[in-house]
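Accompanying notes for the structure given below.
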Amino acid sequence: MNRAPHRTALGSILLALAGGGMLSPAGSQVAPEARIHPSIPLLDARGQNVLRSGDPVSPRATCGECHDVDYIEAHTVHGGPGSKAMGTPAHVVSSRPWSRDGTEEAEMNCFLCHTPHPANEARLEALRQGLVSWAPGATLANTGIVLPSEGGWRWNPAAFDGEGRVQDSLLALQGPRTRNCAQCHGIAGDEMDDPVTFTGLGSGAWQTVSRGEVISPQRISESGVNLVGKSALTRSWDVHAERLMECAHCHFSENNPVYRKESPATQPEGLIFDSRRMPLGAYLQRPSHNFAGQSATGGGTRVSGALSCRSCHDPEPTHRWLPYAKRHTDALACEVCHTPALYSVSIQSVDWSRVDEVGNPRVTWRGCAAGCETAATDLVRGVEPTLLLREDEDGRSRLAPYNLVTSWYWVEGVGEAPVDLERVGQASAGTEDVEEIRRRLTGMGVEDPRLRGEIRPYPIHHSVASGEWATRACSACHDEDSRLSRAMVLASSPPTGELPGLEEGAGAALAGSLRLDADGALVYDPAPASAGLYVLGHDFVWWSNLLGILAVLGTLLGVTIHGGLRWRAARRRGAGLHPEGPPVYMYTTYERAWHWLQALAILLLLATGIEIHVTRLGLLDFALAVRIHNVVGFIVLANAIFAAFYHLASGEIQHYLPRPEGFFNAAITQARFYLSGIFRGEAHPFEKRPGRKLNPLQQVTYLAILNVLLPLQVITGVLIWGAQRWPAVDGMLGGLVFLAPLHAFGAWMFAAFLLMHMYLTTTGSTPLSNIQAMVVGWEGTGTAEGKAGAV
Amino acid sequence: MSNGTHSPQGEPSHPGRKPGWKSVTVLVAVGLLVPIAVVLSGEGEVRDDPWAHLAQRPSHTDHATLMPGPYASGEEVTRACLDCHQDEAHEVMATAHWNWEGEPAALPGRDEPVRMGKKNVINNFCISVYSNWSGCTSCHAGYGWEDDTFDFSDKEKVDCLVCHEQSGQYAKAAGGYPGPGVDLALAARSVAAPTRDNCGGCHFRGGGGDAVKHGDLDATLANPRARVDVHMGSHGLVCVDCHTTLNHEMKGRALSVSVDNANEVQCTDCHLPEPHLDARLNGHLSAVACETCHIPQVAIREATKTHWDWSTAGQDLPEDSHEYLKAKGSFEYEAGLVPEYFWFNGRGDRYLLGDTLDPRAVTELNPPLGDVRDPEARIWPFKVHRAVQLFDTEYRTLMVPQTVGKGGYWADFDWDQALRLGSEASGLPYSGSYGWASTVMHWPLSHMVQPAANALQCRDCHSPTGRLDWQALGYPGDPAQWGSRDVRPVTAVAASGGER
C-alpha cells in the first residue's frame, strides 16, 4: 500500500488539531486529553488485514503505514520491545551475555508501550509457548480485540468497524505512560488508591530490585509495604511522580520537538532559545526511540543535552538557607540529600558461582529484616545508599548515591568469556565448594575457569524527596560516624576471598576501600577523604590532633608544675616581698580594648572551632558554630590590622621588637629567672615599665605568634571560609584536605599559647597585678620612677 | 571585678585619665557582639508559629460560692448573673445568638440591603422557624421564644447557662426553657468560658440530630481524635480559640444564614499567608482555599445528611432515622463525605421568603458567590445538601409548613393544614395548592481540618479521575496543563503583552 495517503491523513489530522486549538477560546469545551490517533486497520506481516487473514498482527506492517519503523528500530535501545532484554526475566538478574532469552527474532512490539492497558503477562506467556509472532497480538489481550482460542489467539470481529479498522476506543494508542514503563522497569505508577506492595518483587521489577527505587505519587505511610517507621513517612515515594510527572517527561525522545534543547556547546553565544522546531508531523513520523538519560549501565547512549536534576532545577534559589550552598552542590549530587534513603529492598549480591537446577543464581538482598527470602511479606527496613564519586556532565566529580550489586561468575580462556550457565549448573550440582566446581569445569573442558567478582554500581536518581523531606541536618554528614563513612556490606559470605573490582565504564569510582571482615563478609568502607574531600566534623588528620593535643597537655603540665613550685616557695618565703609601689598607667584604653577583644574572640574561636572539629560534642548547632566562627575570625583579623596600624603609628611596636644587642644574654637571664629566680623571690630581671613592657622571651614569643601563628590561622581560616568563593585558590594550596588539618593544628597551638600566657600573667608583683593593669590600665609596680612613663 | 576594687590607690597622675575598664568593656562588647548579631540576624527563616496568634485563655473565676441558689427558673439565674455582669446581657442581645439575624447585607439584584438570619430564612432541613418556634428555639440563647410575641428586649430572658455552664446536666427544652430535671444551681455554680460541649450542644446537633446538618461539625469533635480534627484533636483547641469573642460577638460566619464575610474566621488569623515550604503549593493559595486541601473529607466518624425528600412523608413505611421517618420523609446520609467544590468569595446570595422560583429547576437557597474570573474567589469545599420541599404551585414560592405543635404536620400529617398555619405565622400567602420543588444548600466546610500528612495531594485534583471538574469550574482544562486563571486587570495583561 502506498504510504502517501496516510501521511496526508496524518497531516490533515494535525492541521485540524492545530486549527482547533487556535479556534478554541478559553472556557470552551475542549477535552483535556484530546486524542489524535486515527482508527487503523491491524495488518499482518504480509500487509493483509488480520481480520481477513486471521494471522498475528505485525506492528512493523501496521504502524509502518504511517510511522518510519526502520528509523525507529535504528533509534532505540529497547532492542525492539518484545525481544532481547525484555524477554523472560528468569535470568535477567544481570545483563551478562548469557541472560538473553533467545527471542531475538520477536518483532518490535509497539503495543506494549503505546496502549493504556497492555497484557504483558499474556505477551510473556506467548513467548514462553514459542508463539513469538503472536506476542504483539497477545499484548492486546485486555482490549477484547483478540480472544484466546485453543492454544493461541483469534481476532474478535466485533472490535473492528465495517472498513476493517479496529475501534480507536479499544486500541486507544497513546504516548507511553509511567505504567507502560513500569511493566519492565519496576514499581512505578500514578495510582493513588491501589497501595504499593512488594508482592512478588523479582527481577521483572529491575529498577526497584537493583536500586530500591519506587516511583509512585502515593504517600509511603499509605502504602501496603510492611515498613519500619512507616507511619511517620508521610512523604510520597517520589516527588516527581507526586507532582504529576510521567517517565517520559524526563526520559523524552531525543528528537521530540517539545523538549529539544540545543547543547550549550553548539548554541551561538547570546542565543537563549532557538525556537526553530521540527514540525510535529515530521516527529510523529520519525520519533526517535532513544530517550534522554538512559542508564549508563544499561548500555544506552546519552542523548545530547540529556537530563540531570540540573536540566530542570537550579539549586541556587532554593538552597539559600544552606550554608556554603555552592560548596555543597559542587561536591554532592542532588540525590545525596534528596534521596536520603530508599524505603524498599534491593539486591545486594548475585552469586553465579553455583546455580540451581533451573539456572538461578544465589541472590542476597538488603533493606529487610531477615534475609528477604520473600521480599513481599518481610519486614522492610529500607536502604541507605552508599556514596561513590560520579563524573558529572559539567566535568565535576560529585559524591552520588549508589546501590552496589556484587556478582560473581565463571569466566574462561584468554577472552574471559563467561562460562555458560548450563555447564555451571552441571558443575555445581550437589556442591557449594568453589574449588570443586572449578575442578569439574576444568574436567568439562572449560579452559582455565576463573571466578570473577564485579561490583556494579547502580546509580539512584528516583524515589526523590522534596526539600521538606531531604537531608537537612548538618550532622547527617558533618559527624565522625556519619553516613559518609558508614560501611556497606556487599556480601555476607562471598564465594571467594578475592576482592572484586568496580565495573569499568559505569561512570563512578569508589571513594573508599574494600575489605573482608572477621566473619568473612565483604565490606565497602567509604572514605570521602580518599576522594580528596575533607568534611568538617567528619574528617580529621591524626598528626594535627596528636601534635596539637601534646602541645596543649605539655603546656598544661608545665604551668601546673611551675605554678605548684612557685606556690610552695612563696609559702616558705612568706608573701609581700614586692610591696606595691605607686600606680603606673601601663596600657591605654585602646590597647586594653584591643587585647580583650582579641582574647575573647580567640576564646570564642577555640570554642566554636572545637565544636566544628568534633561535631559530636553537640554544644552548639554545627551551622551556627560555623557562622559564629566565621564572623569572629574576621573580628580577629580586623582587630589585628587595626592594632598593627596603631602600634606602627604610635611607635608602640618597639615593645615587640627584640633588641639584637645582648638579646641572647637577656633571654637567658629571663629564662633563668623563670627556672629558678622566681622561686626564690628574686626581682624580675626586666621589670615591666611603660617604656618596656615585654621581656625578651615575651618579645620572641609574640614575634612568633604575630608573624607565624596568627597569619597561619588567618590565611588558612580565610581560605577555608572562602572554599566556595575561590575553589581554585584553595585547590592550588592543597584544598581543605591540607588546609583544615593545618588550621586545626594552629588552633591547638593557640590553645597552648593561651594557657601559657594566662599562667605567666600571674608572675607579676602580685598574681593579679598584670591582669589588673590590662583591665584598668594602671599597675602598681615596685619602681616609683615608672610613673611618668605613660604614653 | 567589682567597681573600684582593683583601682589604683592614689589619684591618677594624669587627671584626664580615669580608670577605664568600663569603656574597655563597652568597646570589646561592641566589637564582638555587633558583628555576630549582624551576621546572625536576618538568616533565620520566618516560620509558621500559629501559637503566637492564639489568644491567652483567661483563668475563670470559680463561681461555686458566688451562685448559691436555689433558682426556680432560668430567668432567676440570669438575674443573679446580671447582679455582677451588668453589661453582658446587652452585649448578648446585640448578637446573632440572640436575635437570629444579622446586620443588613446587600444581595445581588436587590435594591435594599436585607436583614436576615435564622429567624426569617428558609433552609432545606426543617424549612423555617416561623410557626415552629417552640421546636427550633430550644437552641436559642434565651428563654421563652415560643411565638412571634417574644420580647427581644427583655434581658432576663438571656440564657447565660447554655454557653457557660459546665455541670454537664443542663439541657434546654421547648421554647428554650431549661428542661425538666435540670439542677439550675449546680449549673450556675459551674460557669466558665465556653467549652466544645457548650458550643456543640447546639452546633453539633444542627438539623435536629448529631452530624445532620453541617458534616464538618458533630459530636466526635467534643473530644476528637487527631485523625478527625488537627486543631482540636492534636492541639487541644476549643471552639472559642478561633471563634474569638469581643463583647459576646463571636467571630465566624455561616453561609446558610449570613451572606457577607465580615468578621470571618480565617486560617491566616494564626497561620502565615504562605505557610508551605514549597513554592508550588503556595502558588495555589490565590485560587484554592486552605480548606480545599486540608479538609479532604468530612463526616469522618458520623454520617451526615445529604438528601432530604419531604414529599414522601406521611406514609406508614418502616422507619429508620437515617432512611425514612413518617414525620419527615426520606433521607440519605453519607459518612466520609467527599466535598463538592465551587468558587466562593466569602459572600453568598440568598433565597428569601416570598421569592418566586422555577419549579422545574433546582432552587439554590444560598448559592456561594464567585467564579473563575473573580480574583477574590477561591475554590472551596462544600457539603451540598439536596432536598425536596413544599412550594405554592400558584404563587410559585417555597412555603412554610407548621410542623411542630398543635395542628402541625407532625401531629396530623396534613400538609394543607400545616401550610395554612405556617402561612398565618409567616405572613406568606398560601393559594391552597402546593407541590414539591427541589432545593439545594451549600455548606462551606472549615472544620475537621487535617494536617499536611493527610491533606490532598496533586493527583487528587490534577488527574483525569480527580475530584475537581475543571470545566465546570470555568477552566478550559486542568490548569496544571492549561495554565492557571488570569484574574489580573485587563490593563495589566495588556501591559505585560506590550513588553514582549
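Ordering of the C-alpha cells sets the chain letters (A, B, ...); residue numbers start at 1 within each chain; ligands are numbered from 1 in the order shown.
Residues within 9 Å of segment 477-482 of chain A, counting only C-alpha atoms and excluding same-chain residues fewer than 6 positions away, are Val535, Leu536, Gly537, His538, Asp539, Phe540, Ile612, His613, Val614, Thr615, Arg616 and Phe622 of chain A.
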Segment 132-145 of chain B surroundings by only C-alpha atoms, 6 Å radius, close-in-sequence under 5 positions cut, as a list in words:
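Here the answer would be His97, Trp98, Phe150, Lys157, Val158, Asp159, Lys172, Ala173, Ala174, Gly175, Gly176, Tyr177, Cys202, Gln402 and Val404 of chain B.
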Within 8 Å of Pro287 of chain A, counting only C-alpha atoms, which residues qualify if same-chain residues fewer than 5 places away don't, as a list of chain:residue names?
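In the requested form, the answer reads A:Ile72, A:Ser253, A:Asn255, A:Asn256.
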Distance query Leu421 of chain B at most 12 Å, only C-alpha atoms, self and fewer than 4 positions along chain excluded, as a PyMOL selection string:
chain B and resi 130-132+399-409+414-417+425-430+432
Can you spit out the residues from that selection as a CSV table (one decimal), in the first residue's frame, using C-alpha atoms?
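Saved the output as result_18.csv:
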```csv
chain,number,residue,atom,x,y,z
B,130,TYR,CA,-42.0,30.6,61.5
B,131,SER,CA,-44.8,28.8,63.3
B,132,ASN,CA,-42.2,26.3,64.6
B,399,MET,CA,-43.8,27.5,51.6
B,400,VAL,CA,-43.5,27.5,55.4
B,401,PRO,CA,-45.3,24.5,56.9
B,402,GLN,CA,-46.0,24.3,60.6
B,403,THR,CA,-44.6,21.0,61.7
B,404,VAL,CA,-44.4,21.5,65.5
B,405,GLY,CA,-47.2,21.7,67.9
B,406,LYS,CA,-51.0,21.5,67.7
B,407,GLY,CA,-52.3,21.3,64.2
B,408,GLY,CA,-48.7,20.9,62.9
B,409,TYR,CA,-47.8,18.3,60.3
B,414,ASP,CA,-52.0,17.2,56.9
B,415,TRP,CA,-49.8,19.4,54.6
B,416,ASP,CA,-52.7,21.7,53.7
B,417,GLN,CA,-53.4,22.4,57.3
B,425,ALA,CA,-47.4,32.8,61.2
B,426,SER,CA,-45.1,33.9,58.4
B,427,GLY,CA,-47.5,36.2,56.5
B,428,LEU,CA,-46.6,34.4,53.3
B,429,PRO,CA,-49.8,34.0,51.2
B,430,TYR,CA,-50.9,30.4,50.5
B,432,GLY,CA,-54.3,26.4,48.7
```
Shortest interatomic distance to Trp310 of chain B - which of B:Asn263, B:Ser433, B:Asn282, B:Ser438, counting only C-alpha atoms:
B:Ser438
DSSP on the backbone: which residues in segment 181-363 of chain B end up as alpha helix (DSSP H)? Give the answer as a ChimeraX atom specification.
/B:184-189,196-203,239-242,279-282,290-294
If you keep N, CA and C atoms, can you produce a file of those selected residues as a short mmCIF file (atom, residue, chain, number, x, y, z; two decimals), in the first residue's frame?
```
data_model
loop_
_atom_site.label_atom_id
_atom_site.label_comp_id
_atom_site.auth_asym_id
_atom_site.auth_seq_id
_atom_site.Cartn_x
_atom_site.Cartn_y
_atom_site.Cartn_z
N LEU B 184 -30.55 23.88 88.30
CA LEU B 184 -30.07 25.19 87.85
C LEU B 184 -28.94 25.71 88.73
N ALA B 185 -29.02 25.43 90.05
CA ALA B 185 -27.98 25.91 90.95
C ALA B 185 -26.65 25.24 90.63
N LEU B 186 -26.72 23.94 90.39
CA LEU B 186 -25.50 23.19 90.04
C LEU B 186 -24.89 23.77 88.77
N ALA B 187 -25.77 24.05 87.79
CA ALA B 187 -25.29 24.61 86.54
C ALA B 187 -24.70 26.00 86.77
N ALA B 188 -25.38 26.82 87.58
CA ALA B 188 -24.94 28.19 87.78
C ALA B 188 -23.58 28.24 88.48
N ARG B 189 -23.38 27.31 89.42
CA ARG B 189 -22.10 27.32 90.16
C ARG B 189 -20.93 26.88 89.28
N ARG B 196 -16.05 23.09 74.20
CA ARG B 196 -16.61 22.47 72.99
C ARG B 196 -18.01 21.94 73.25
N ASP B 197 -18.24 21.46 74.48
CA ASP B 197 -19.56 20.91 74.78
C ASP B 197 -20.63 21.99 74.74
N ASN B 198 -20.29 23.20 75.24
CA ASN B 198 -21.27 24.28 75.21
C ASN B 198 -21.67 24.59 73.77
N CYS B 199 -20.67 24.80 72.93
CA CYS B 199 -20.98 25.16 71.54
C CYS B 199 -21.65 23.99 70.84
N GLY B 200 -21.07 22.79 71.12
CA GLY B 200 -21.56 21.60 70.42
C GLY B 200 -22.99 21.25 70.77
N GLY B 201 -23.43 21.65 71.96
CA GLY B 201 -24.80 21.33 72.37
C GLY B 201 -25.80 21.73 71.30
N CYS B 202 -25.58 22.86 70.66
CA CYS B 202 -26.44 23.25 69.54
C CYS B 202 -25.80 22.95 68.19
N HIS B 203 -24.52 23.30 68.05
CA HIS B 203 -23.94 23.30 66.70
C HIS B 203 -23.59 21.90 66.21
N CYS B 239 -13.47 25.67 70.61
CA CYS B 239 -14.11 26.49 69.57
C CYS B 239 -13.73 27.96 69.69
N VAL B 240 -13.77 28.47 70.95
CA VAL B 240 -13.59 29.91 71.12
C VAL B 240 -12.13 30.34 70.99
N ASP B 241 -11.22 29.38 70.77
CA ASP B 241 -9.85 29.80 70.47
C ASP B 241 -9.78 30.44 69.10
N CYS B 242 -10.56 29.91 68.16
CA CYS B 242 -10.62 30.52 66.83
C CYS B 242 -11.80 31.48 66.71
N ALA B 279 7.09 26.29 47.13
CA ALA B 279 6.53 27.41 46.38
C ALA B 279 5.36 26.98 45.52
N ARG B 280 5.41 25.77 45.01
CA ARG B 280 4.34 25.29 44.15
C ARG B 280 3.02 25.21 44.93
N LEU B 281 3.11 24.80 46.17
CA LEU B 281 1.90 24.74 46.99
C LEU B 281 1.41 26.15 47.30
N ASN B 282 2.33 27.03 47.67
CA ASN B 282 1.91 28.40 47.95
C ASN B 282 1.29 29.05 46.72
N CYS B 290 -7.46 27.15 51.78
CA CYS B 290 -6.72 26.19 52.59
C CYS B 290 -7.56 24.94 52.82
N GLU B 291 -8.87 25.20 53.07
CA GLU B 291 -9.78 24.12 53.44
C GLU B 291 -9.89 23.07 52.33
N THR B 292 -9.69 23.49 51.10
CA THR B 292 -9.88 22.56 49.99
C THR B 292 -8.93 21.37 50.10
N CYS B 293 -7.67 21.65 50.41
CA CYS B 293 -6.72 20.54 50.53
C CYS B 293 -6.71 19.95 51.94
N HIS B 294 -6.95 20.81 52.92
CA HIS B 294 -6.78 20.34 54.30
C HIS B 294 -8.08 19.79 54.91
#
```
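Excluding Ile705 of chain A and any residue on its chain fewer than 2 positions from it, the residues at most 12 Å away by only C-alpha atoms are Ala640, Tyr656, Gln698, Gln699, Val700, Thr701, Tyr702, Leu703, Asn707, Val708, Leu709, Leu710, Pro711, Leu712, Gln713, Val714, Gly746, Ala747, Met749, Phe750, Ala751, Ala752, Phe753, Leu754 and His757 of chain A.
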Distance of atom CA of Val552 of chain A from atom CA of Glu682 of chain A, expressed in Å to one decimal place:
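Between these atoms lies a distance of 28.8 Å.
Note that atom CA of Asp269 of chain B and atom CA of Glu101 of chain B are 25.1 Å apart.
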Fewer than 6 positions away in the same chain doesn't count, so skip those; otherwise give me all residues within 9 Å of Pro157 of chain A, counting only C-alpha atoms, as a list of chain:residue names.
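With the cut-off at 9 Å, the set is A:Leu51, A:Ile145, A:Val146, A:Gly164, A:Val166.
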Which neighbours of Gln166 of chain B fall inside 7 Å, counting only C-alpha atoms, when residues of the same chain fewer than 6 positions from it are skipped, and could you give them as a PyMOL selection string?
chain B and resi 187+190-192
Deliver the residues from the most recent selection as a file, using N, CA and C atoms, as a short mmCIF file (atom, residue, chain, number, x, y, z; two decimals), in the first residue's frame.
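Dumped to again_9.cif:
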```cif
data_model
loop_
_atom_site.label_atom_id
_atom_site.label_comp_id
_atom_site.auth_asym_id
_atom_site.auth_seq_id
_atom_site.Cartn_x
_atom_site.Cartn_y
_atom_site.Cartn_z
N ALA B 187 -25.77 24.05 87.79
CA ALA B 187 -25.29 24.61 86.54
C ALA B 187 -24.70 26.00 86.77
N SER B 190 -21.24 26.22 88.14
CA SER B 190 -20.16 25.62 87.34
C SER B 190 -19.67 26.54 86.22
N VAL B 191 -20.21 27.76 86.12
CA VAL B 191 -19.95 28.54 84.90
C VAL B 191 -18.47 28.82 84.67
N ALA B 192 -18.10 28.83 83.40
CA ALA B 192 -16.72 29.12 82.98
C ALA B 192 -16.76 29.51 81.51
#
```
Counting only C-alpha atoms, the option among B:Ala37, B:Val440, B:Cys270, B:Val449 closest to chain A
B:Ala37
Per DSSP on the backbone, filter segment 315-429 of chain B down to the residues in strand (DSSP E) and report them as a PyMOL selection string.
chain B and resi 324-325+329-334+340-344+363-364+378-392+397-398
Those residues you just picked out, can you put them in a file as a CSV table (one decimal), in the first residue's frame with C-alpha atoms?
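As written to disk, part-v4.csv reads:
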```csv
chain,number,residue,atom,x,y,z
B,324,TYR,CA,-37.2,7.2,56.4
B,325,LEU,CA,-39.4,8.8,59.0
B,329,GLY,CA,-39.9,11.8,54.7
B,330,SER,CA,-36.9,10.1,53.2
B,331,PHE,CA,-33.2,10.8,53.7
B,332,GLU,CA,-29.8,9.9,52.5
B,333,TYR,CA,-26.8,10.0,54.8
B,334,GLU,CA,-23.1,9.8,53.9
B,340,GLU,CA,-18.0,19.2,46.3
B,341,TYR,CA,-16.1,22.2,45.1
B,342,PHE,CA,-17.2,25.7,44.0
B,343,TRP,CA,-15.7,29.1,43.6
B,344,PHE,CA,-16.5,31.2,46.7
B,363,THR,CA,-33.7,26.3,43.6
B,364,GLU,CA,-30.5,27.4,45.1
B,378,ARG,CA,-11.2,30.7,45.7
B,379,ILE,CA,-12.2,27.1,45.2
B,380,TRP,CA,-13.8,25.9,48.4
B,381,PRO,CA,-15.1,22.6,49.7
B,382,PHE,CA,-18.8,22.4,50.3
B,383,LYS,CA,-21.2,19.9,51.7
B,384,VAL,CA,-24.1,20.1,49.4
B,385,HIS,CA,-27.5,19.3,50.8
B,386,ARG,CA,-30.2,18.5,48.4
B,387,ALA,CA,-33.9,18.4,49.3
B,388,VAL,CA,-37.4,18.3,48.0
B,389,GLN,CA,-39.8,20.6,49.8
B,390,LEU,CA,-43.1,22.4,49.5
B,391,PHE,CA,-43.9,25.2,47.2
B,392,ASP,CA,-47.1,27.0,46.3
B,397,THR,CA,-42.9,30.4,46.3
B,398,LEU,CA,-41.4,28.0,48.7
```
